[in-house]
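Enquirer: Supplied structure: data.pdb, PDB, C-alpha atoms and all ligand atoms.
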```pdb
MODEL        1
ATOM      1  CA  MET A   1     -25.702  -5.125  -2.418
ATOM      2  CA  ASP A   2     -22.437  -5.745  -0.600
ATOM      3  CA  ASN A   3     -21.016  -3.467   2.066
ATOM      4  CA  TYR A   4     -17.966  -2.601   0.011
ATOM      5  CA  TYR A   5     -20.171  -0.924  -2.561
ATOM      6  CA  PHE A   6     -21.861   1.261   0.069
ATOM      7  CA  SER A   7     -18.531   2.053   1.691
ATOM      8  CA  LEU A   8     -17.507   3.870  -1.508
ATOM      9  CA  LEU A   9     -20.377   6.317  -1.089
ATOM     10  CA  ASP A  10     -19.682   6.695   2.629
ATOM     11  CA  ASN A  11     -16.036   7.395   1.886
ATOM     12  CA  ASN A  12     -17.015  10.118  -0.541
ATOM     13  CA  VAL A  13     -18.955  11.935   2.166
ATOM     14  CA  LYS A  14     -16.037  11.610   4.607
ATOM     15  CA  VAL A  15     -13.381  12.713   2.126
ATOM     16  CA  THR A  16     -15.465  15.699   1.101
ATOM     17  CA  ALA A  17     -15.978  16.719   4.730
ATOM     18  CA  ARG A  18     -12.226  16.494   5.339
ATOM     19  CA  GLN A  19     -11.482  18.656   2.310
ATOM     20  CA  LEU A  20     -14.020  21.262   3.386
ATOM     21  CA  ALA A  21     -12.560  21.328   6.897
ATOM     22  CA  GLU A  22      -9.174  22.072   5.350
ATOM     23  CA  ASP A  23     -10.450  24.605   2.831
ATOM     24  CA  PRO A  24     -14.117  25.677   2.832
ATOM     25  CA  ASP A  25     -13.735  27.039  -0.732
ATOM     26  CA  TYR A  26     -12.094  23.923  -2.136
ATOM     27  CA  PHE A  27     -15.062  22.795  -4.237
ATOM     28  CA  VAL A  28     -16.179  26.321  -5.078
ATOM     29  CA  ASN A  29     -12.774  26.886  -6.633
ATOM     30  CA  LEU A  30     -12.641  23.437  -8.252
ATOM     31  CA  ALA A  31     -15.968  24.072  -9.961
ATOM     32  CA  LYS A  32     -14.619  27.211 -11.639
ATOM     33  CA  GLY A  33     -12.751  25.124 -14.198
ATOM     34  CA  GLN A  34      -9.660  23.083 -14.871
ATOM     35  CA  LYS A  35      -6.212  24.151 -15.987
ATOM     36  CA  PRO A  36      -4.071  21.020 -15.859
ATOM     37  CA  LYS A  37      -0.460  21.300 -17.059
ATOM     38  CA  VAL A  38      -0.179  17.585 -17.790
ATOM     39  CA  LEU A  39      -1.852  14.984 -19.986
ATOM     40  CA  TRP A  40      -1.333  11.508 -18.566
ATOM     41  CA  ILE A  41      -1.599   8.463 -20.830
ATOM     42  CA  GLY A  42      -1.386   5.464 -18.533
ATOM     43  CA  CYS A  43      -2.330   1.844 -18.084
ATOM     44  CA  ALA A  44      -5.854   1.068 -16.865
ATOM     45  CA  ASP A  45      -4.334  -1.087 -14.079
ATOM     46  CA  SER A  46      -5.993  -0.183 -10.752
ATOM     47  CA  ARG A  47      -2.610   0.317  -9.084
ATOM     48  CA  LEU A  48      -1.723   3.323 -11.215
ATOM     49  CA  PRO A  49      -3.853   6.339 -10.319
ATOM     50  CA  ALA A  50      -2.046   9.341 -11.802
ATOM     51  CA  ASN A  51      -2.700  11.752  -8.918
ATOM     52  CA  GLU A  52      -1.641   9.432  -6.101
ATOM     53  CA  ILE A  53       1.566   8.391  -7.859
ATOM     54  CA  THR A  54       2.648  11.959  -8.513
ATOM     55  CA  GLY A  55       1.368  13.572  -5.331
ATOM     56  CA  THR A  56      -0.947  15.864  -7.275
ATOM     57  CA  ARG A  57      -4.516  16.938  -6.622
ATOM     58  CA  GLN A  58      -7.806  17.123  -8.478
ATOM     59  CA  GLY A  59      -7.515  19.457 -11.456
ATOM     60  CA  GLU A  60      -3.788  18.971 -12.030
ATOM     61  CA  ILE A  61      -3.688  16.040 -14.446
ATOM     62  CA  PHE A  62      -5.874  15.337 -17.480
ATOM     63  CA  VAL A  63      -6.046  11.571 -17.833
ATOM     64  CA  HIS A  64      -6.453   8.943 -20.522
ATOM     65  CA  ARG A  65      -5.976   5.298 -19.588
ATOM     66  CA  ASN A  66      -6.287   2.017 -21.438
ATOM     67  CA  ILE A  67      -4.750  -1.450 -21.348
ATOM     68  CA  ALA A  68      -0.960  -1.095 -21.569
ATOM     69  CA  ASN A  69      -0.989   2.715 -22.081
ATOM     70  CA  MET A  70      -1.259   2.481 -25.840
ATOM     71  CA  VAL A  71      -1.392   5.362 -28.323
ATOM     72  CA  VAL A  72      -3.286   3.851 -31.239
ATOM     73  CA  HIS A  73      -3.749   6.407 -33.978
ATOM     74  CA  SER A  74      -7.161   5.111 -35.034
ATOM     75  CA  ASP A  75      -8.461   5.297 -31.449
ATOM     76  CA  MET A  76     -10.960   8.160 -31.532
ATOM     77  CA  ASN A  77     -11.143   8.200 -27.740
ATOM     78  CA  MET A  78      -7.386   8.752 -27.374
ATOM     79  CA  LEU A  79      -7.298  11.288 -30.231
ATOM     80  CA  SER A  80     -10.157  13.299 -28.737
ATOM     81  CA  VAL A  81      -8.472  13.429 -25.341
ATOM     82  CA  LEU A  82      -5.162  14.377 -26.946
ATOM     83  CA  ASP A  83      -6.736  17.081 -29.098
ATOM     84  CA  TYR A  84      -8.594  18.600 -26.159
ATOM     85  CA  ALA A  85      -5.536  18.470 -23.913
ATOM     86  CA  VAL A  86      -3.219  20.025 -26.501
ATOM     87  CA  ASN A  87      -5.479  22.539 -28.236
ATOM     88  CA  VAL A  88      -7.932  23.602 -25.539
ATOM     89  CA  LEU A  89      -6.212  22.959 -22.213
ATOM     90  CA  LYS A  90      -2.798  23.626 -23.781
ATOM     91  CA  VAL A  91      -0.914  21.264 -21.502
ATOM     92  CA  ASP A  92       2.847  21.725 -21.226
ATOM     93  CA  HIS A  93       3.635  18.048 -20.757
ATOM     94  CA  ILE A  94       2.315  14.748 -22.090
ATOM     95  CA  ILE A  95       3.437  11.758 -20.037
ATOM     96  CA  VAL A  96       3.092   8.192 -21.278
ATOM     97  CA  CYS A  97       3.407   6.047 -18.163
ATOM     98  CA  GLY A  98       3.754   2.269 -18.303
ATOM     99  CA  HIS A  99       4.538  -0.049 -15.422
ATOM    100  CA  TYR A 100       6.615  -3.121 -14.734
ATOM    101  CA  GLY A 101       4.560  -6.294 -14.433
ATOM    102  CA  CYS A 102       1.979  -4.966 -16.891
ATOM    103  CA  GLY A 103      -0.541  -7.724 -17.608
ATOM    104  CA  GLY A 104      -1.255  -6.352 -21.077
ATOM    105  CA  ILE A 105       2.401  -6.461 -22.049
ATOM    106  CA  ALA A 106       2.816  -9.955 -20.564
ATOM    107  CA  ALA A 107      -0.222 -11.171 -22.490
ATOM    108  CA  ALA A 108       1.154  -9.672 -25.706
ATOM    109  CA  MET A 109       4.464 -11.451 -25.105
ATOM    110  CA  SER A 110       2.727 -14.825 -24.878
ATOM    111  CA  ASN A 111       1.131 -16.890 -27.630
ATOM    112  CA  LYS A 112      -2.079 -17.532 -25.718
ATOM    113  CA  GLN A 113      -5.481 -16.461 -26.995
ATOM    114  CA  PHE A 114      -7.441 -14.260 -24.617
ATOM    115  CA  GLY A 115     -10.469 -13.390 -26.756
ATOM    116  CA  LEU A 116     -11.531  -9.943 -27.905
ATOM    117  CA  ILE A 117      -8.532  -8.326 -26.237
ATOM    118  CA  ASP A 118      -6.215 -10.117 -28.692
ATOM    119  CA  ASN A 119      -7.099  -7.395 -31.183
ATOM    120  CA  TRP A 120      -5.816  -4.740 -28.774
ATOM    121  CA  LEU A 121      -2.738  -6.796 -27.896
ATOM    122  CA  ARG A 122      -1.857  -6.882 -31.600
ATOM    123  CA  HIS A 123      -0.685  -3.274 -31.300
ATOM    124  CA  ILE A 124       1.700  -4.334 -28.546
ATOM    125  CA  LYS A 125       2.919  -7.340 -30.500
ATOM    126  CA  ASP A 126       3.786  -4.931 -33.324
ATOM    127  CA  VAL A 127       6.117  -3.145 -30.890
ATOM    128  CA  TYR A 128       7.779  -6.474 -30.054
ATOM    129  CA  ARG A 129       8.471  -6.964 -33.758
ATOM    130  CA  LEU A 130      10.266  -3.589 -33.887
ATOM    131  CA  TYR A 131      12.521  -4.528 -30.946
ATOM    132  CA  LYS A 132      12.625  -8.291 -31.639
ATOM    133  CA  GLU A 133      16.400  -8.518 -31.862
ATOM    134  CA  GLU A 134      17.030  -6.799 -28.543
ATOM    135  CA  LEU A 135      14.172  -8.538 -26.722
ATOM    136  CA  ASP A 136      14.902 -12.035 -28.043
ATOM    137  CA  ASP A 137      18.457 -11.668 -26.736
ATOM    138  CA  ILE A 138      17.235 -11.299 -23.139
ATOM    139  CA  GLU A 139      17.056 -14.845 -21.791
ATOM    140  CA  ASP A 140      15.437 -14.113 -18.435
ATOM    141  CA  GLU A 141      11.719 -13.831 -19.081
ATOM    142  CA  GLU A 142      11.131 -11.343 -16.265
ATOM    143  CA  ALA A 143      13.925  -9.087 -17.540
ATOM    144  CA  ARG A 144      12.575  -9.379 -21.089
ATOM    145  CA  LEU A 145       9.122  -8.337 -19.885
ATOM    146  CA  CYS A 146      10.613  -5.306 -18.084
ATOM    147  CA  ARG A 147      12.436  -4.208 -21.206
ATOM    148  CA  PHE A 148       9.347  -4.800 -23.338
ATOM    149  CA  VAL A 149       7.430  -2.495 -20.970
ATOM    150  CA  GLU A 150      10.130   0.179 -21.450
ATOM    151  CA  VAL A 151      10.396  -0.018 -25.240
ATOM    152  CA  ASN A 152       6.611  -0.039 -25.506
ATOM    153  CA  VAL A 153       6.488   3.266 -23.615
ATOM    154  CA  ILE A 154       9.175   4.702 -25.901
ATOM    155  CA  GLU A 155       7.162   3.666 -28.974
ATOM    156  CA  GLN A 156       3.997   5.222 -27.555
ATOM    157  CA  VAL A 157       5.924   8.467 -26.951
ATOM    158  CA  PHE A 158       6.811   8.448 -30.644
ATOM    159  CA  ASP A 159       3.215   7.618 -31.564
ATOM    160  CA  VAL A 160       2.055  10.720 -29.664
ATOM    161  CA  CYS A 161       4.626  12.782 -31.569
ATOM    162  CA  LYS A 162       3.565  11.343 -34.925
ATOM    163  CA  THR A 163       0.071  12.807 -34.568
ATOM    164  CA  SER A 164      -0.763  15.960 -36.508
ATOM    165  CA  ILE A 165      -2.189  17.292 -33.224
ATOM    166  CA  VAL A 166       1.202  17.401 -31.509
ATOM    167  CA  GLN A 167       3.151  18.410 -34.614
ATOM    168  CA  ASN A 168       0.882  21.399 -35.234
ATOM    169  CA  ALA A 169       1.231  22.424 -31.593
ATOM    170  CA  TRP A 170       5.022  22.297 -31.903
ATOM    171  CA  LYS A 171       4.851  24.641 -34.895
ATOM    172  CA  GLU A 172       2.560  26.997 -33.054
ATOM    173  CA  ARG A 173       4.042  27.140 -29.573
ATOM    174  CA  LYS A 174       7.134  24.880 -29.311
ATOM    175  CA  GLY A 175       5.316  22.592 -26.932
ATOM    176  CA  PRO A 176       4.272  20.288 -25.346
ATOM    177  CA  TYR A 177       7.079  18.071 -24.159
ATOM    178  CA  VAL A 178       6.336  14.357 -24.559
ATOM    179  CA  HIS A 179       7.852  12.098 -21.892
ATOM    180  CA  GLY A 180       8.103   8.351 -21.227
ATOM    181  CA  TRP A 181       7.929   6.941 -17.699
ATOM    182  CA  VAL A 182       7.723   3.503 -16.157
ATOM    183  CA  TYR A 183       6.216   3.011 -12.703
ATOM    184  CA  ASP A 184       7.656   0.267 -10.523
ATOM    185  CA  ILE A 185       4.741  -1.112  -8.518
ATOM    186  CA  GLY A 186       7.205  -3.005  -6.295
ATOM    187  CA  THR A 187       8.961   0.162  -5.066
ATOM    188  CA  GLY A 188       6.437   2.897  -5.785
ATOM    189  CA  LEU A 189       9.051   4.808  -7.767
ATOM    190  CA  ILE A 190       8.879   6.210 -11.281
ATOM    191  CA  LYS A 191      11.705   5.676 -13.769
ATOM    192  CA  ASP A 192      12.049   8.479 -16.304
ATOM    193  CA  LEU A 193      13.145   6.749 -19.512
ATOM    194  CA  GLU A 194      14.665  10.030 -20.666
ATOM    195  CA  ALA A 195      12.936   9.643 -23.984
ATOM    196  CA  THR A 196      11.551  13.184 -23.958
ATOM    197  CA  VAL A 197      10.677  14.595 -27.384
ATOM    198  CA  ARG A 198       9.753  18.151 -28.270
ATOM    199  CA  LEU A 199      11.045  18.601 -31.791
ATOM    200  CA  ASP A 200      10.270  17.265 -35.250
ATOM    201  CA  SER A 201      13.951  16.510 -35.696
ATOM    202  CA  ASP A 202      13.715  13.588 -33.279
ATOM    203  CA  LEU A 203      11.223  11.895 -35.575
ATOM    204  CA  THR A 204      11.958   9.906 -38.694
ATOM    205  CA  GLN A 205      11.250  12.106 -41.736
ATOM    206  CA  ILE A 206       8.361   9.995 -43.014
ATOM    207  CA  PHE A 207       6.272  11.017 -40.005
ATOM    208  CA  HIS A 208       6.685  14.761 -40.513
ATOM    209  CA  PHE A 209       3.532  16.624 -41.466
ATOM    210  CA  GLN A 210       3.671  19.796 -43.520
ATOM    211  CA  ASN A 211       1.040  22.452 -43.003
ATOM    212  CA  LEU A 212      -2.423  21.325 -43.973
ATOM    213  CA  LEU A 213      -3.418  23.057 -47.215
ATOM    214  CA  ILE A 214      -7.035  23.167 -48.264
ATOM    215  CA  SER A 215      -7.919  24.886 -51.550
ATOM    216  CA  THR A 216     -11.026  27.005 -52.110
ATOM    217  CA  THR A 217     -12.732  23.988 -53.669
ATOM    218  CA  GLY A 218     -12.294  22.183 -50.387
ATOM    219  CA  THR A 219      -9.945  19.546 -51.751
ATOM    220  CA  LEU A 220      -6.563  18.717 -50.282
ATOM    221  CA  GLU A 221      -3.631  20.077 -52.259
TER     222      GLU A 221
HETATM  223 CO    CO B 301      -0.645  -2.492 -17.252
ENDMDL
END
```
Let me see the structure of the file written as structure tokens.
Expert:
Amino acid sequence: MDNYYFSLLDNNVKVTARQLAEDPDYFVNLAKGQKPKVLWIGCADSRLPANEITGTRQGEIFVHRNIANMVVHSDMNMLSVLDYAVNVLKVDHIIVCGHYGCGGIAAAMSNKQFGLIDNWLRHIKDVYRLYKEELDDIEDEEARLCRFVEVNVIEQVFDVCKTSIVQNAWKERKGPYVHGWVYDIGTGLIKDLEATVRLDSDLTQIFHFQNLLISTTGTLE
């Protein structure tokens, strides 16, 4: 086994000792439970750890990450995280955070085959189709990729809002806010796309859900 592997375990002991020196009750309190105010949906890229980027600590952000920070409505993993965050943890904010130079977005913009992942990239290619006119007009490939990253985040914000999970929460408690951010790995700074949604009215009518009605026979009405 290589030294790097063992260094991870050593680091854990050191970090824990440092935290205990600062606050002897740190882990006692942490073990009592979590009450994060934020659900983070980010890219799996190793350069985007939610806590480090936002200067937050353990227990503050509930996290879901996948390639290119996608909100795919048949993804049971994402839906379970979203449902738990909204209905149990009752987070106030959902942040979809993409990043410039995203490999997943770049791959989706190309015509190359990458294997199994092509099926995941399809969801991103669908976003390109929605913004084709605007994106095709950008001649510089780097600039087009940056814009594709941004519009993909905006679409994922809408995809969060289209879920019955979020719409029911809005009816019940006028929250959570759903935000779109892009992280610039080159500067370390976050760009707020100002695409925040908290109301049905910002969504196209076709995506509005009425209250779920179930009759006594158990069938949908
Ligand atoms: Co990425």
Enquirer: Could you tell me how far CA of Arg65 (chain A) sits from CA of Val149 (chain A), in Å to one decimal place?
Expert: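 Going from CA of Val149 (chain A) over to CA of Arg65 (chain A), I get 15.6 Å.
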Enquirer: Written as a PyMOL selection string, what is the full residue list that the PyMOL selection byres (((chain A and resi 50) around 12) and not hetatm) yields on the file shown?
Expert: chain A and resi 38-49+51-65+95-98+181+183+190
Enquirer: Evaluating the PyMOL selection byres (((chain A and resi 108) around 9) and not hetatm) on the displayed file yields which residues, as an mmCIF file with C-alpha atoms, keeping the file's coordinate frame?
Expert:
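In the end it all went to result32.cif:
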```cif
data_model
loop_
_atom_site.group_PDB
_atom_site.id
_atom_site.type_symbol
_atom_site.label_atom_id
_atom_site.label_comp_id
_atom_site.auth_asym_id
_atom_site.auth_seq_id
_atom_site.Cartn_x
_atom_site.Cartn_y
_atom_site.Cartn_z
ATOM 1 C CA GLY A 103 -0.541 -7.724 -17.608
ATOM 2 C CA GLY A 104 -1.255 -6.352 -21.077
ATOM 3 C CA ILE A 105 2.401 -6.461 -22.049
ATOM 4 C CA ALA A 106 2.816 -9.955 -20.564
ATOM 5 C CA ALA A 107 -0.222 -11.171 -22.490
ATOM 6 C CA MET A 109 4.464 -11.451 -25.105
ATOM 7 C CA SER A 110 2.727 -14.825 -24.878
ATOM 8 C CA ASN A 111 1.131 -16.890 -27.630
ATOM 9 C CA LYS A 112 -2.079 -17.532 -25.718
ATOM 10 C CA ASP A 118 -6.215 -10.117 -28.692
ATOM 11 C CA LEU A 121 -2.738 -6.796 -27.896
ATOM 12 C CA ARG A 122 -1.857 -6.882 -31.600
ATOM 13 C CA HIS A 123 -0.685 -3.274 -31.300
ATOM 14 C CA ILE A 124 1.700 -4.334 -28.546
ATOM 15 C CA LYS A 125 2.919 -7.340 -30.500
ATOM 16 C CA TYR A 128 7.779 -6.474 -30.054
#
```
Enquirer: Work out how far CA of His73 (chain A) is from CA of Gly175 (chain A), in Å to one decimal.
Expert: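 Taking CA of Gly175 (chain A) as the start and CA of His73 (chain A) as the end point, the length is 19.8 Å.
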Enquirer: Could you check which of A:Val153, A:Met76, A:Leu130, A:Val91 is closest to ligand CO 301 (chain B), using all atoms listed in the file?
Expert: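 Nearest candidate to ligand CO 301 (chain B) out of A:Val153, A:Met76, A:Leu130, A:Val91: A:Val153.
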Enquirer: Distance CA of Glu133 (chain A)-CA of His179 (chain A), one decimal place?
Expert: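 Spanning CA of Glu133 (chain A) to CA of His179 (chain A) is a straight-line distance of 24.4 Å.
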Enquirer: Given the file above and the PyMOL selection byres (((chain A and resi 134) around 12) and not hetatm), which residues are selected, and can you give them as a VMD selection string?
Expert: chain A and resid 127 to 133 135 to 139 143 to 145 147 to 148 151
Enquirer: Could you dump the residues just selected with C-alpha atoms as an mmCIF file, keeping the file's coordinate frame?
Expert:
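Output below, filename selection-v1.cif:
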```
data_model
loop_
_atom_site.group_PDB
_atom_site.id
_atom_site.type_symbol
_atom_site.label_atom_id
_atom_site.label_comp_id
_atom_site.auth_asym_id
_atom_site.auth_seq_id
_atom_site.Cartn_x
_atom_site.Cartn_y
_atom_site.Cartn_z
ATOM 1 C CA VAL A 127 6.117 -3.145 -30.890
ATOM 2 C CA TYR A 128 7.779 -6.474 -30.054
ATOM 3 C CA ARG A 129 8.471 -6.964 -33.758
ATOM 4 C CA LEU A 130 10.266 -3.589 -33.887
ATOM 5 C CA TYR A 131 12.521 -4.528 -30.946
ATOM 6 C CA LYS A 132 12.625 -8.291 -31.639
ATOM 7 C CA GLU A 133 16.400 -8.518 -31.862
ATOM 8 C CA LEU A 135 14.172 -8.538 -26.722
ATOM 9 C CA ASP A 136 14.902 -12.035 -28.043
ATOM 10 C CA ASP A 137 18.457 -11.668 -26.736
ATOM 11 C CA ILE A 138 17.235 -11.299 -23.139
ATOM 12 C CA GLU A 139 17.056 -14.845 -21.791
ATOM 13 C CA ALA A 143 13.925 -9.087 -17.540
ATOM 14 C CA ARG A 144 12.575 -9.379 -21.089
ATOM 15 C CA LEU A 145 9.122 -8.337 -19.885
ATOM 16 C CA ARG A 147 12.436 -4.208 -21.206
ATOM 17 C CA PHE A 148 9.347 -4.800 -23.338
ATOM 18 C CA VAL A 151 10.396 -0.018 -25.240
#
```
Enquirer: Restricting the calculation to all atoms listed in the file: of A:Tyr5, A:Tyr177, A:Trp120, A:Tyr100, which residue gets closest to ligand CO 301 (chain B)?
Expert: A:Tyr100
Enquirer: If we count all atoms listed in the file and set the cut-off at 8 Å, which residues sit around region 157-165 of chain A, ignoring sequence neighbours fewer than 4 positions away in its own chain? Please answer as a list of chain:residue names.
Expert: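 Within the cut-off, the hits are A:Val71, A:Val72, A:His73, A:Leu82, A:Asp83, A:Val86, A:Asn87, A:Val96, A:Val153, A:Ala169, A:Val178, A:His179, A:Gly180, A:Ala195, A:Thr196, A:Val197, A:Leu203, A:Phe207, A:His208, A:Phe209.
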Enquirer: Generate the output file for the selected residues, C-alpha atoms, as a compact mmCIF listing (two decimals), in the frame of the given file.
Expert:
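Writing the result to again_39.txt gives the following:
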```
# COMPACT_ATOMS: atom_id res chain seq x y z
CA VAL A 71 -1.39 5.36 -28.32
CA VAL A 72 -3.29 3.85 -31.24
CA HIS A 73 -3.75 6.41 -33.98
CA LEU A 82 -5.16 14.38 -26.95
CA ASP A 83 -6.74 17.08 -29.10
CA VAL A 86 -3.22 20.02 -26.50
CA ASN A 87 -5.48 22.54 -28.24
CA VAL A 96 3.09 8.19 -21.28
CA VAL A 153 6.49 3.27 -23.62
CA ALA A 169 1.23 22.42 -31.59
CA VAL A 178 6.34 14.36 -24.56
CA HIS A 179 7.85 12.10 -21.89
CA GLY A 180 8.10 8.35 -21.23
CA ALA A 195 12.94 9.64 -23.98
CA THR A 196 11.55 13.18 -23.96
CA VAL A 197 10.68 14.60 -27.38
CA LEU A 203 11.22 11.90 -35.58
CA PHE A 207 6.27 11.02 -40.01
CA HIS A 208 6.68 14.76 -40.51
CA PHE A 209 3.53 16.62 -41.47
```
Enquirer: Could you check which of A:His99, A:Lys171, A:Lys14, A:Arg198 is closest to ligand CO 301 (chain B), using all atoms listed in the file?
Expert: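 Of A:His99, A:Lys171, A:Lys14, A:Arg198, the one nearest ligand CO 301 (chain B), counting all atoms listed in the file, is A:His99.
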Enquirer: Choose the residue, out of A:Gln167, A:Gln113, A:Asn77, A:Asn66, that has the smallest atom-to-atom separation from ligand CO 301 (chain B); count all atoms listed in the file.
Expert: A:Asn66
Enquirer: Counting only C-alpha atoms and all ligand atoms, which of A:Glu194, A:Glu150, A:Asp92, A:Asp23 gets nearest to ligand CO 301 (chain B)?
Expert: A:Glu150
